[in-house]
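Working notes, beginning with the structure itself.
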Amino acid sequence: MDHRHPPPGHSEDFSSPDTVKAWQCIGCGRVEAPANCVGICQDRKVELVGAWDYAEVAVALEEANERIASLESALGQFAHVIPREGTWKESYLALQMRARRLLQRREG
């Protein structure tokens, strides 16, 4: 199974990615990492992301997923709650207040 692309509806733990220790030139940015050569090496161009940048994105993704879950919960409540006869206005106002609180958490 390819662990880099989890199936839909499943989340992957991005908190501790596999890393490689390497040397980076402070002038040109060249990166070198020692490895056990098996005698068939070929160089090819790769794209790398710094561990700090990755960690920042992982935290932002976790926060976004938590926010999505909260919003989906509120939307689900709105979609499935059927007020009792004569209480639609109170139900609507309560759902509206919950939505406002969720939106204020984002702004605050």
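Residue numbering restarts at 1 in every chain; chains get A, B, ... in the order shown in the structure tokens, and ligands count up from 1 in that same order.
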DSSP says strand (DSSP E) for which residues of segment 9-98 of chain A? Put them as a PyMOL selection string?
chain A and resi 23-24+31-32
Excluding Thr19 of chain A and residues on its chain fewer than 6 positions from it, collect all residues at most 12 Å away from it, counting only C-alpha atoms, and give them as an NGL selection string.
:A and (33 or 48-52 or 54-55)
Output file for the selection above: N, CA and C atoms, as a compact mmCIF listing (two decimals), in the first residue's frame:
# COMPACT_ATOMS: atom_id res chain seq x y z
N ALA A 33 24.28 14.44 0.95
CA ALA A 33 23.98 13.52 2.03
C ALA A 33 24.80 12.24 1.82
N LEU A 48 13.42 19.53 -2.85
CA LEU A 48 13.44 19.28 -1.42
C LEU A 48 12.69 20.39 -0.69
N VAL A 49 12.14 20.04 0.46
CA VAL A 49 11.47 21.00 1.32
C VAL A 49 12.16 20.94 2.67
N GLY A 50 12.44 22.11 3.24
CA GLY A 50 13.07 22.15 4.55
C GLY A 50 12.15 21.59 5.62
N ALA A 51 12.72 20.93 6.64
CA ALA A 51 11.94 20.32 7.71
C ALA A 51 11.11 21.37 8.45
N TRP A 52 11.66 22.56 8.65
CA TRP A 52 10.92 23.60 9.37
C TRP A 52 9.68 24.02 8.56
N TYR A 54 8.11 22.23 6.38
CA TYR A 54 7.20 21.09 6.43
C TYR A 54 6.42 21.07 7.74
N ALA A 55 7.12 21.31 8.85
CA ALA A 55 6.46 21.31 10.16
C ALA A 55 5.39 22.40 10.24
If DSSP is run on the backbone, what residues of segment 3-73 of chain A are alpha helix (DSSP H)? A reply as a list of chain:residue names would be ideal.
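In segment 3-73 of chain A, DSSP puts these residues in alpha helix (DSSP H): A:Ala51, A:Trp52, A:Asp53, A:Tyr54, A:Ala55, A:Glu56, A:Val57, A:Ala58, A:Val59, A:Ala60, A:Leu61, A:Glu62, A:Glu63, A:Ala64, A:Asn65, A:Glu66, A:Arg67, A:Ile68, A:Ala69, A:Ser70, A:Leu71, A:Glu72, A:Ser73.
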Pick from A:Leu95, A:Glu90, A:Cys25, A:Glu63, whichever lies nearest to Gly76 of chain A using only C-alpha atoms
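Of the candidates, the smallest distance to Gly76 of chain A is held by A:Leu95.
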Have a look at atom CA of Val46 of chain A and atom CA of Gly27 of chain A and let me know their distance in Å, one decimal.
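Spanning atom CA of Val46 of chain A to atom CA of Gly27 of chain A is a straight-line distance of 19.1 Å.
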All residues 12 Å or closer to Ser70 of chain A, only C-alpha atoms, same chain fewer than 2 positions away omitted, as an MDAnalysis selection string
chainID A and resid 63:68 72:77 98:99 101:103 105:106
Residue nearest Asp13 of chain A among A:Ser91, A:His80, A:Gln96, A:Glu62 (counting only C-alpha atoms)
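Selected residue with least distance to Asp13 of chain A: A:Glu62.
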For atom CA of Ala58 of chain A and atom CA of Asp18 of chain A, determine how far apart the two atoms are, in Å to one decimal place.
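If I compute the distance from atom CA of Ala58 of chain A to atom CA of Asp18 of chain A, I get 13.4 Å.
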Please, what distance in Å, to one decimal, runs between atom CA of Cys37 of chain A and atom CA of Gln24 of chain A?
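Taking atom CA of Cys37 of chain A as the start and atom CA of Gln24 of chain A as the end point, the length is 19.8 Å.
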